[in-house]
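K.L.:
Sharing run.cif here; it has mmCIF, C-alpha atoms (C1' of nucleotides).
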data_coords
loop_
_atom_site.label_atom_id
_atom_site.label_comp_id
_atom_site.auth_asym_id
_atom_site.auth_seq_id
_atom_site.Cartn_x
_atom_site.Cartn_y
_atom_site.Cartn_z
CA MET A 1 17.81 21.10 18.25
CA ALA A 2 17.37 22.76 14.88
CA ALA A 3 19.00 25.93 16.13
CA MET A 4 21.48 26.01 13.27
CA ALA A 5 21.19 28.01 10.12
CA PRO A 6 18.96 26.19 7.66
CA ASP A 7 20.94 24.85 4.75
CA THR A 8 18.23 24.59 2.16
CA SER A 9 20.40 22.85 -0.35
CA ASP A 10 20.87 19.46 1.26
CA ARG A 11 17.56 19.13 3.01
CA PRO A 12 15.02 16.63 1.81
CA ASP A 13 12.57 19.38 2.74
CA GLY A 14 11.46 22.18 0.54
CA LEU A 15 8.31 20.64 -0.82
CA PRO A 16 6.49 22.84 -3.32
CA PRO A 17 4.28 25.45 -1.61
CA THR A 18 1.50 24.39 -3.93
CA LEU A 19 1.46 21.04 -2.16
CA LEU A 20 1.91 22.44 1.31
CA ASP A 21 -1.13 24.59 0.71
CA LEU A 22 -3.30 21.56 0.23
CA THR A 23 -4.54 20.29 3.56
CA THR A 24 -5.49 17.07 1.84
CA PHE A 25 -1.90 16.55 0.86
CA LEU A 26 -0.54 17.42 4.28
CA LEU A 27 -2.99 15.12 5.98
CA ALA A 28 -2.17 12.33 3.58
CA ARG A 29 1.56 12.75 3.97
CA THR A 30 1.74 13.13 7.73
CA GLY A 31 -0.75 10.31 8.07
CA ARG A 32 1.38 8.11 5.89
CA THR A 33 4.45 8.73 8.00
CA ALA A 34 2.53 8.17 11.22
CA ARG A 35 1.14 4.94 9.86
CA ALA A 36 4.52 3.77 8.68
CA ARG A 37 6.14 4.41 12.04
CA LEU A 38 3.33 2.71 13.89
CA ALA A 39 3.52 -0.22 11.51
CA ASP A 40 7.24 -0.45 12.18
CA GLN A 41 6.59 -0.73 15.89
CA LEU A 42 4.01 -3.43 15.36
CA ALA A 43 6.27 -5.25 12.96
CA GLU A 44 8.81 -5.67 15.75
CA ARG A 45 6.22 -7.93 17.31
CA GLY A 46 5.30 -9.56 14.04
CA LEU A 47 1.98 -7.70 13.98
CA ARG A 48 0.15 -5.47 11.58
CA LEU A 49 -2.32 -2.66 12.09
CA TRP A 50 -5.38 -4.86 12.08
CA ASP A 51 -4.00 -6.88 14.94
CA LEU A 52 -3.91 -3.79 17.09
CA ALA A 53 -7.41 -2.80 16.08
CA VAL A 54 -8.81 -6.24 16.86
CA LEU A 55 -7.11 -6.45 20.24
CA ALA A 56 -8.37 -3.00 21.15
CA ALA A 57 -11.92 -3.81 20.11
CA LEU A 58 -11.94 -6.98 22.18
CA ALA A 59 -10.45 -5.23 25.18
CA ASP A 60 -12.90 -2.36 24.97
CA PHE A 61 -16.07 -4.19 24.09
CA GLY A 62 -15.48 -7.64 25.46
CA PRO A 63 -15.72 -11.03 23.75
CA GLN A 64 -17.79 -11.04 20.60
CA ALA A 65 -18.43 -12.89 17.41
CA GLN A 66 -16.25 -12.21 14.41
CA ARG A 67 -19.24 -10.82 12.58
CA ASP A 68 -19.44 -8.08 15.20
CA LEU A 69 -15.79 -7.24 14.77
CA VAL A 70 -16.27 -7.19 11.03
CA HIS A 71 -19.12 -4.78 11.42
CA ARG A 72 -17.44 -2.61 13.98
CA LEU A 73 -14.01 -2.33 12.43
CA GLY A 74 -15.06 -2.42 8.82
CA ILE A 75 -12.62 -5.20 8.09
CA ASP A 76 -13.24 -7.81 5.45
CA PRO A 77 -14.60 -11.01 7.05
CA SER A 78 -12.06 -13.09 5.25
CA ASP A 79 -9.20 -10.90 6.39
CA LEU A 80 -10.45 -10.96 9.95
CA ALA A 81 -10.45 -14.74 9.89
CA LYS A 82 -6.76 -14.64 9.12
CA VAL A 83 -5.98 -12.02 11.75
CA ALA A 84 -7.94 -13.87 14.40
CA ASP A 85 -6.27 -17.07 13.40
CA GLN A 86 -2.81 -15.62 13.83
CA LEU A 87 -3.66 -13.89 17.11
CA GLY A 88 -5.17 -17.15 18.34
CA ALA A 89 -2.10 -19.16 17.41
CA ALA A 90 0.06 -16.71 19.34
CA GLY A 91 -2.19 -16.99 22.37
CA TYR A 92 -3.39 -13.39 22.33
CA VAL A 93 -7.03 -14.30 21.78
CA GLU A 94 -9.21 -17.33 22.36
CA ARG A 95 -11.82 -18.47 19.88
CA THR A 96 -14.76 -20.56 20.90
CA ARG A 97 -17.83 -21.74 19.04
CA ASP A 98 -20.91 -19.95 20.21
CA GLN A 99 -23.18 -22.67 21.56
CA ARG A 100 -26.38 -20.73 20.95
CA ASP A 101 -25.44 -20.21 17.32
CA ARG A 102 -22.82 -22.66 16.29
CA ARG A 103 -22.07 -20.78 13.10
CA ARG A 104 -20.50 -18.04 15.14
CA VAL A 105 -17.02 -17.96 16.57
CA SER A 106 -16.69 -15.87 19.68
CA VAL A 107 -13.36 -14.18 20.16
CA ALA A 108 -11.97 -13.07 23.51
CA VAL A 109 -8.71 -11.40 24.41
CA THR A 110 -6.50 -13.35 26.83
CA ALA A 111 -4.40 -11.97 29.67
CA THR A 112 -1.38 -12.23 27.41
CA GLY A 113 -3.32 -10.34 24.79
CA ARG A 114 -4.12 -7.57 27.22
CA ALA A 115 -0.49 -7.28 28.19
CA LEU A 116 0.46 -7.09 24.53
CA LEU A 117 -2.14 -4.43 23.92
CA ALA A 118 -0.77 -2.35 26.77
CA GLU A 119 2.67 -2.60 25.29
CA LEU A 120 1.44 -1.65 21.84
CA GLU A 121 -0.37 1.35 23.26
CA GLY A 122 2.90 2.45 24.80
CA ARG A 123 4.65 2.11 21.48
CA ALA A 124 1.91 4.08 19.78
CA ARG A 125 2.31 6.83 22.35
CA ALA A 126 6.04 6.85 21.76
CA VAL A 127 5.42 7.28 18.05
CA ARG A 128 3.01 10.09 18.81
CA ASP A 129 5.60 11.90 20.90
CA GLU A 130 8.04 11.55 18.06
CA VAL A 131 5.61 12.67 15.39
CA LEU A 132 4.08 15.51 17.35
CA ALA A 133 7.41 16.73 18.68
CA PRO A 134 6.93 20.24 17.26
CA LEU A 135 3.67 20.72 19.18
CA ASP A 136 3.14 21.58 22.81
CA ALA A 137 0.65 19.78 25.02
CA GLU A 138 -2.29 22.02 24.26
CA GLU A 139 -1.65 21.94 20.54
CA ARG A 140 -1.56 18.19 20.66
CA ARG A 141 -4.90 18.14 22.37
CA THR A 142 -6.29 20.47 19.76
CA LEU A 143 -4.94 18.36 16.94
CA HIS A 144 -6.34 15.21 18.49
CA ASP A 145 -9.73 16.80 18.88
CA LEU A 146 -9.82 18.09 15.32
CA LEU A 147 -8.73 14.75 13.91
CA LEU A 148 -11.32 12.98 15.99
CA ARG A 149 -14.06 15.12 14.55
CA VAL A 150 -12.74 14.68 11.04
CA HIS A 151 -12.71 10.96 11.59
CA GLN A 152 -16.26 10.94 12.87
CA GLY A 153 -17.30 12.95 9.86
CA MET A 154 -15.71 10.38 7.60
CA ALA A 155 -17.50 7.56 9.39
CA GLU A 156 -20.83 9.29 8.92
CA GLN A 157 -20.15 9.98 5.27
CA SER A 158 -19.28 6.43 4.33
CA GLY A 159 -21.65 4.92 6.86
CA GLY A 160 -24.59 6.66 5.28
CA GLY A 161 -25.72 8.85 8.20
CA MET B 1 -27.82 15.16 6.23
CA ALA B 2 -27.16 13.32 9.47
CA ALA B 3 -30.07 14.94 11.22
CA MET B 4 -31.65 11.63 12.15
CA ALA B 5 -31.34 9.81 15.41
CA PRO B 6 -28.08 7.89 15.55
CA ASP B 7 -28.65 4.19 15.22
CA THR B 8 -25.52 2.85 16.82
CA SER B 9 -26.22 -0.71 15.81
CA ASP B 10 -25.77 -0.50 12.07
CA ARG B 11 -23.06 2.09 11.97
CA PRO B 12 -19.61 1.18 10.76
CA ASP B 13 -18.56 3.61 13.44
CA GLY B 14 -17.94 2.80 17.07
CA LEU B 15 -14.22 2.18 16.88
CA PRO B 16 -12.69 1.14 20.19
CA PRO B 17 -11.94 4.14 22.46
CA THR B 18 -8.51 2.69 22.97
CA LEU B 19 -7.79 3.37 19.33
CA LEU B 20 -9.49 6.73 19.23
CA ASP B 21 -7.28 7.80 22.11
CA LEU B 22 -4.17 7.24 20.04
CA THR B 23 -3.41 10.33 17.99
CA THR B 24 -1.07 8.20 15.92
CA PHE B 25 -3.94 5.98 14.98
CA LEU B 26 -6.28 8.86 14.21
CA LEU B 27 -3.69 10.57 12.09
CA ALA B 28 -2.94 7.38 10.24
CA ARG B 29 -6.57 6.62 9.60
CA THR B 30 -7.75 10.06 8.54
CA GLY B 31 -4.61 10.41 6.46
CA ARG B 32 -5.31 7.14 4.75
CA THR B 33 -8.82 8.20 3.84
CA ALA B 34 -7.68 11.59 2.64
CA ARG B 35 -4.99 9.97 0.54
CA ALA B 36 -7.41 7.47 -0.90
CA ARG B 37 -9.89 10.13 -1.91
CA LEU B 38 -7.21 12.29 -3.44
CA ALA B 39 -5.84 9.28 -5.28
CA ASP B 40 -9.33 8.60 -6.61
CA GLN B 41 -9.51 12.08 -8.04
CA LEU B 42 -6.13 11.73 -9.68
CA ALA B 43 -7.03 8.32 -11.00
CA GLU B 44 -9.85 9.88 -12.98
CA ARG B 45 -7.10 11.52 -14.96
CA GLY B 46 -4.96 8.44 -15.03
CA LEU B 47 -2.54 9.97 -12.58
CA ARG B 48 -1.06 9.06 -9.24
CA LEU B 49 0.15 11.09 -6.31
CA TRP B 50 3.69 11.47 -7.55
CA ASP B 51 2.43 13.04 -10.75
CA LEU B 52 0.82 15.80 -8.75
CA ALA B 53 3.93 16.30 -6.67
CA VAL B 54 6.17 16.53 -9.70
CA LEU B 55 3.91 18.96 -11.51
CA ALA B 56 3.69 21.15 -8.42
CA ALA B 57 7.44 21.14 -7.94
CA LEU B 58 8.04 22.14 -11.53
CA ALA B 59 5.42 24.85 -11.40
CA ASP B 60 6.75 26.25 -8.14
CA PHE B 61 10.47 25.99 -8.71
CA GLY B 62 10.75 26.07 -12.45
CA PRO B 63 12.50 23.70 -14.84
CA GLN B 64 15.12 21.53 -13.22
CA ALA B 65 17.05 18.32 -13.57
CA GLN B 66 15.55 15.09 -12.39
CA ARG B 67 18.21 14.82 -9.76
CA ASP B 68 16.87 18.01 -8.20
CA LEU B 69 13.36 16.64 -8.16
CA VAL B 70 14.64 13.44 -6.64
CA HIS B 71 16.33 15.41 -3.94
CA ARG B 72 13.47 17.76 -3.31
CA LEU B 73 10.62 15.29 -3.32
CA GLY B 74 12.42 12.35 -1.84
CA ILE B 75 11.30 10.11 -4.68
CA ASP B 76 13.37 7.22 -5.93
CA PRO B 77 15.33 8.23 -9.06
CA SER B 78 14.13 5.21 -10.89
CA ASP B 79 10.52 5.90 -10.03
CA LEU B 80 10.86 9.51 -11.06
CA ALA B 81 12.15 8.42 -14.43
CA LYS B 82 8.92 6.54 -14.96
CA VAL B 83 6.72 9.35 -13.74
CA ALA B 84 8.53 11.91 -15.88
CA ASP B 85 8.30 9.57 -18.81
CA GLN B 86 4.57 9.23 -18.50
CA LEU B 87 4.01 12.95 -17.91
CA GLY B 88 6.18 13.64 -20.93
CA ALA B 89 4.27 11.26 -23.14
CA ALA B 90 1.03 12.96 -22.15
CA GLY B 91 2.49 16.37 -22.94
CA TYR B 92 2.37 17.73 -19.42
CA VAL B 93 6.12 18.16 -19.16
CA GLU B 94 9.01 18.56 -21.57
CA ARG B 95 12.32 16.87 -21.08
CA THR B 96 15.49 18.19 -22.62
CA ARG B 97 19.13 17.20 -22.26
CA ASP B 98 21.05 19.78 -20.32
CA GLN B 99 23.73 21.03 -22.74
CA ARG B 100 26.12 22.04 -19.99
CA ASP B 101 25.96 18.59 -18.43
CA ARG B 102 24.64 16.11 -20.91
CA ARG B 103 24.07 13.49 -18.24
CA ARG B 104 21.23 15.57 -16.90
CA VAL B 105 17.70 15.73 -18.17
CA SER B 106 15.96 18.98 -17.48
CA VAL B 107 12.23 18.80 -16.94
CA ALA B 108 9.83 21.68 -17.49
CA VAL B 109 6.08 21.88 -17.12
CA THR B 110 4.16 22.81 -20.26
CA ALA B 111 1.14 25.06 -20.55
CA THR B 112 -1.02 21.96 -20.67
CA GLY B 113 0.71 20.76 -17.56
CA ARG B 114 -0.06 23.96 -15.75
CA ALA B 115 -3.68 23.73 -16.71
CA LEU B 116 -3.77 20.18 -15.45
CA LEU B 117 -2.15 21.20 -12.20
CA ALA B 118 -4.75 23.90 -11.68
CA GLU B 119 -7.47 21.36 -12.19
CA LEU B 120 -5.88 18.91 -9.80
CA GLU B 121 -5.56 21.59 -7.17
CA GLY B 122 -9.25 22.21 -7.52
CA ARG B 123 -9.97 18.54 -7.04
CA ALA B 124 -7.73 18.46 -4.00
CA ARG B 125 -9.61 21.37 -2.52
CA ALA B 126 -12.88 19.63 -3.17
CA VAL B 127 -11.60 16.59 -1.31
CA ARG B 128 -10.51 18.84 1.51
CA ASP B 129 -13.97 20.36 1.79
CA GLU B 130 -15.42 16.89 1.93
CA VAL B 131 -12.94 15.56 4.46
CA LEU B 132 -12.95 18.63 6.68
CA ALA B 133 -16.70 19.05 6.53
CA PRO B 134 -17.09 18.87 10.32
CA LEU B 135 -14.74 21.81 10.85
CA ASP B 136 -15.40 25.51 10.46
CA ALA B 137 -13.05 27.85 8.64
CA GLU B 138 -10.92 28.73 11.62
CA GLU B 139 -10.60 25.15 12.74
CA ARG B 140 -9.47 24.21 9.27
CA ARG B 141 -6.81 26.85 9.41
CA THR B 142 -5.69 25.58 12.79
CA LEU B 143 -5.56 22.02 11.56
CA HIS B 144 -3.61 23.02 8.51
CA ASP B 145 -1.13 24.94 10.60
CA LEU B 146 -0.64 22.10 13.06
CA LEU B 147 -0.19 19.57 10.28
CA LEU B 148 2.27 21.82 8.55
CA ARG B 149 4.40 22.01 11.64
CA VAL B 150 4.16 18.29 12.19
CA HIS B 151 5.24 17.78 8.63
CA GLN B 152 8.19 20.11 8.99
CA GLY B 153 9.20 18.29 12.13
CA MET B 154 9.14 15.01 10.24
CA ALA B 155 11.28 16.46 7.50
CA GLU B 156 13.86 17.62 10.00
CA GLN B 157 13.88 14.28 11.76
CA SER B 158 14.45 12.17 8.72
CA GLY B 159 16.59 14.78 7.00
CA GLY B 160 18.99 14.88 9.90
CA GLY B 161 18.40 18.49 10.98
"C1'" DG C 1 43.15 9.50 -20.90
"C1'" DA C 2 42.24 6.03 -17.25
"C1'" DA C 3 39.61 5.79 -13.08
"C1'" DA C 4 36.01 7.26 -10.30
"C1'" DA C 5 31.87 9.68 -9.55
"C1'" DT C 6 27.28 11.20 -11.23
"C1'" DA C 7 22.60 11.13 -13.94
"C1'" DG C 8 19.24 8.62 -15.72
"C1'" DT C 9 16.88 4.21 -17.21
"C1'" DG C 10 14.74 -0.40 -17.28
"C1'" DG C 11 13.49 -4.23 -14.89
"C1'" DG C 12 12.34 -6.58 -11.19
"C1'" DT C 13 11.10 -7.64 -5.98
"C1'" DG C 14 8.49 -7.78 -1.74
"C1'" DG C 15 5.02 -6.17 1.42
"C1'" DG C 16 0.73 -4.43 2.66
"C1'" DC C 17 -3.93 -3.85 1.90
"C1'" DA C 18 -8.47 -4.19 0.10
"C1'" DC C 19 -11.37 -7.05 -2.24
"C1'" DC C 20 -13.79 -11.04 -4.11
"C1'" DC C 21 -15.35 -15.85 -4.81
"C1'" DA C 22 -16.27 -20.54 -3.77
"C1'" DC C 23 -17.13 -23.56 -0.18
"C1'" DT C 24 -18.70 -25.62 4.44
"C1'" DA C 25 -21.47 -25.50 8.43
"C1'" DT C 26 -25.24 -24.02 10.77
"C1'" DA C 27 -29.65 -21.68 11.60
"C1'" DG C 28 -34.35 -20.25 10.64
"C1'" DG C 29 -38.76 -19.80 7.91
"C1'" DG C 30 -42.34 -21.79 5.34
"C1'" DC D 1 -38.13 -31.25 5.47
"C1'" DC D 2 -36.56 -27.99 1.87
"C1'" DC D 3 -34.98 -23.46 0.91
"C1'" DT D 4 -32.76 -19.44 2.00
"C1'" DA D 5 -29.85 -16.68 4.76
"C1'" DT D 6 -25.93 -16.16 7.74
"C1'" DA D 7 -20.99 -17.06 9.78
"C1'" DG D 8 -16.68 -18.23 8.95
"C1'" DT D 9 -12.71 -19.95 6.05
"C1'" DG D 10 -9.22 -20.64 2.37
"C1'" DG D 11 -7.41 -19.13 -1.64
"C1'" DG D 12 -6.42 -16.00 -4.82
"C1'" DT D 13 -6.15 -11.15 -7.35
"C1'" DG D 14 -4.84 -6.46 -8.28
"C1'" DC D 15 -3.01 -2.09 -6.85
"C1'" DC D 16 0.22 0.76 -4.95
"C1'" DC D 17 4.34 1.78 -3.16
"C1'" DA D 18 9.03 1.72 -1.84
"C1'" DC D 19 13.22 -0.15 -2.86
"C1'" DC D 20 17.19 -2.14 -5.18
"C1'" DC D 21 20.37 -3.64 -8.93
"C1'" DA D 22 22.56 -3.64 -13.32
"C1'" DC D 23 23.61 -0.94 -17.14
"C1'" DT D 24 24.70 3.21 -20.25
"C1'" DA D 25 26.19 7.80 -20.93
"C1'" DT D 26 28.56 11.50 -19.45
"C1'" DT D 27 31.53 14.37 -16.54
"C1'" DT D 28 35.21 15.12 -13.25
"C1'" DT D 29 39.57 14.02 -11.05
"C1'" DC D 30 44.27 13.07 -11.02
#
For this file, produce the structure as structure tokens.

P.N.:
Amino acid sequence: MAAMAPDTSDRPDGLPPTLLDLTTFLLARTGRTARARLADQLAERGLRLWDLAVLAALADFGPQAQRDLVHRLGIDPSDLAKVADQLGAAGYVERTRDQRDRRRVSVAVTATGRALLAELEGRARAVRDEVLAPLDAEERRTLHDLLLRVHQGMAEQSGGG
Amino acid sequence: MAAMAPDTSDRPDGLPPTLLDLTTFLLARTGRTARARLADQLAERGLRLWDLAVLAALADFGPQAQRDLVHRLGIDPSDLAKVADQLGAAGYVERTRDQRDRRRVSVAVTATGRALLAELEGRARAVRDEVLAPLDAEERRTLHDLLLRVHQGMAEQSGGG
DNA sequence: GAAAATAGTGGGTGGGCACCCACTATAGGG
DNA sequence: CCCTATAGTGGGTGCCCACCCACTATTTTC
């Protein structure tokens, strides 16, 4: 693909070099597209990004109180309540009162939830393959690594390291 | 900074590995943060991202009709009208009826606009230095290059290359 | 010169996301 | 016990963004 002569006139491309020189802009723009495509995939299941994050956290770290999820994911407690509520109604998670501290609601992912998560991961990988099409395997690894470190840096900055 | 022992318990960090394994997710998340910080900088001048894009396009490609900007930047014509209107009111651009085709409005960046653009570029670079703090100079170049190619791939995909 | 296409404008819509507050229930400290 | 802090919930707000439609002015086509 893309072996034809570039016809600059009817391409939506051709962003100003000034913008393309700004890594901040590139990161923002590619990130926006990636997010949008991922969100589209989730939307096909009636889900949003937070749903994926919550499922992943529960699968990785096991059942835990909402307060822990709030802390770990940096989501607003009130928003999490809604997400958990919806996931619970759909049978993807189970919520039980913690008997040692009855203020707390412990959330656990169900088998159905795990299956959903696996599917979502697949969709996310499909999006990645689409988005990172121009890169070969090693470049993808490099990009992933760099982004991971950038992300960790961000976490430290806002987390007050 | 960040020379102290990591206290995993009160960090907003610790996202689920499942998520950190998804490049799509990383790209989306770092992109979101980058965008937010850039938007913050622009907001200090009462501007939004499109304002920067429009100024850059005019500076790079010279005066042109709104339809060209629409085409080049992929912005909605109606939205561009508003952006151009605001930039015009603030004196950053000048809008004149094209005398050869009086339907068209030609937009040109003013001297003030160029000065503003220069300042905004500086702010964007500052954000970049903040966001890419964990990376050395060569890694930043690599990241920029990879993102640029990813971006071009996206443009081809949606532009029907 | 009538009809169809094009350029720009104004107004409005819907979705997502972050954020905040008031309130209930429970726990823990003195 | 009373007081304070914590956990969760429901409801609501504001921002941004993308998108769409109706309308006017102008140009192009036949």

K.L.:
Would you list the contacts of Glu94 (chain A) as a list of chain:residue names, taking every protein, DNA or RNA residue within 12 Å and counting all atoms listed in the file, but skipping same-chain residues closer than 6 positions in sequence?

P.N.:
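Listing them by chain and then by number gives A:Leu55, A:Leu58, A:Gly62, A:Pro63, A:Gln64, A:Ala65, A:Gln66, A:Ala84, A:Asp85, A:Gln86, A:Leu87, A:Gly88, A:Val105, A:Ser106, A:Val107, A:Ala108, A:Val109, A:Thr110, A:Ala111, A:Thr112, A:Gly113.
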
K.L.:
Determine, counting all atoms listed in the file, which protein, DNA and RNA residues have an atom within 12 Å of an atom of region 13-24 of chain C; residues of the same chain fewer than 5 positions away are not included. Present the result as an MDAnalysis selection string.

P.N.:
(chainID A and resid 35:36 39 43 47:50 74:79 103) or (chainID B and resid 32 36) or (chainID D and resid 7:21)

K.L.:
Selection in question (the file shown): the PyMOL selection byres ((chain D and resi 23) around 12). Which residues does it include, as a list in words?

P.N.:
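Taken over the shown coordinates, the PyMOL selection byres ((chain D and resi 23) around 12) returns DG8, DT9, DG10 and DG11 of chain C; DC21, DA22, DT24 and DA25 of chain D.
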
K.L.:
Name the residues within 10 Å of (33.4, 14.0, -17.5), counting only C-alpha atoms (C1' of nucleotides) in the file's coordinates, and put them as a PyMOL selection string.

P.N.:
(chain B and resi 101-103) or (chain C and resi 5-6) or (chain D and resi 26-29)

K.L.:
Just checking: using all atoms listed in the file, which residue out of A:Arg95, A:Leu147, A:Glu121, A:Arg45 ends up closest to chain D?

P.N.:
A:Arg95

K.L.:
Hey, can you check how far C1' of DC3 (chain D) sits from CA of Thr96 (chain A)?

P.N.:
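Atom-to-atom, C1' of DC3 (chain D) and CA of Thr96 (chain A) are spaced 28.6 Å apart.
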
K.L.:
Could you write out as a list of chain:residue names the residues that the PyMOL selection byres ((chain C and resi 2) around 12) matches in the shown file?

P.N.:
C:DG1, C:DA3, C:DA4, D:DT29, D:DC30

K.L.:
Decode the PyMOL selection byres ((chain C) within 8 of (chain A)) for the given file into explicit residues and return them as an NGL selection string.

P.N.:
:C and (19 or 25-27)

K.L.:
As a PyMOL selection string, please: the residues near region 15-30 of chain B (cut-off 9 Å, all atoms listed in the file, same-chain neighbours under 6 positions excluded).

P.N.:
(chain A and resi 27-28+30-36+38+52-54+56-61+72-73+121+124-125+127-128+131+140+143-144+147-148+150-151+154) or (chain B and resi 131)

K.L.:
What separation in Å, quoted to one decimal, exists between CA of Lys82 (chain B) and C1' of DA7 (chain C)?

P.N.:
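Value for the CA of Lys82 (chain B)-C1' of DA7 (chain C) distance: 14.5 Å.
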
K.L.:
Measure the distance from CA of Ala90 (chain A) to CA of Ala115 (chain A) in Å and round it to one decimal.

P.N.:
12.9 Å
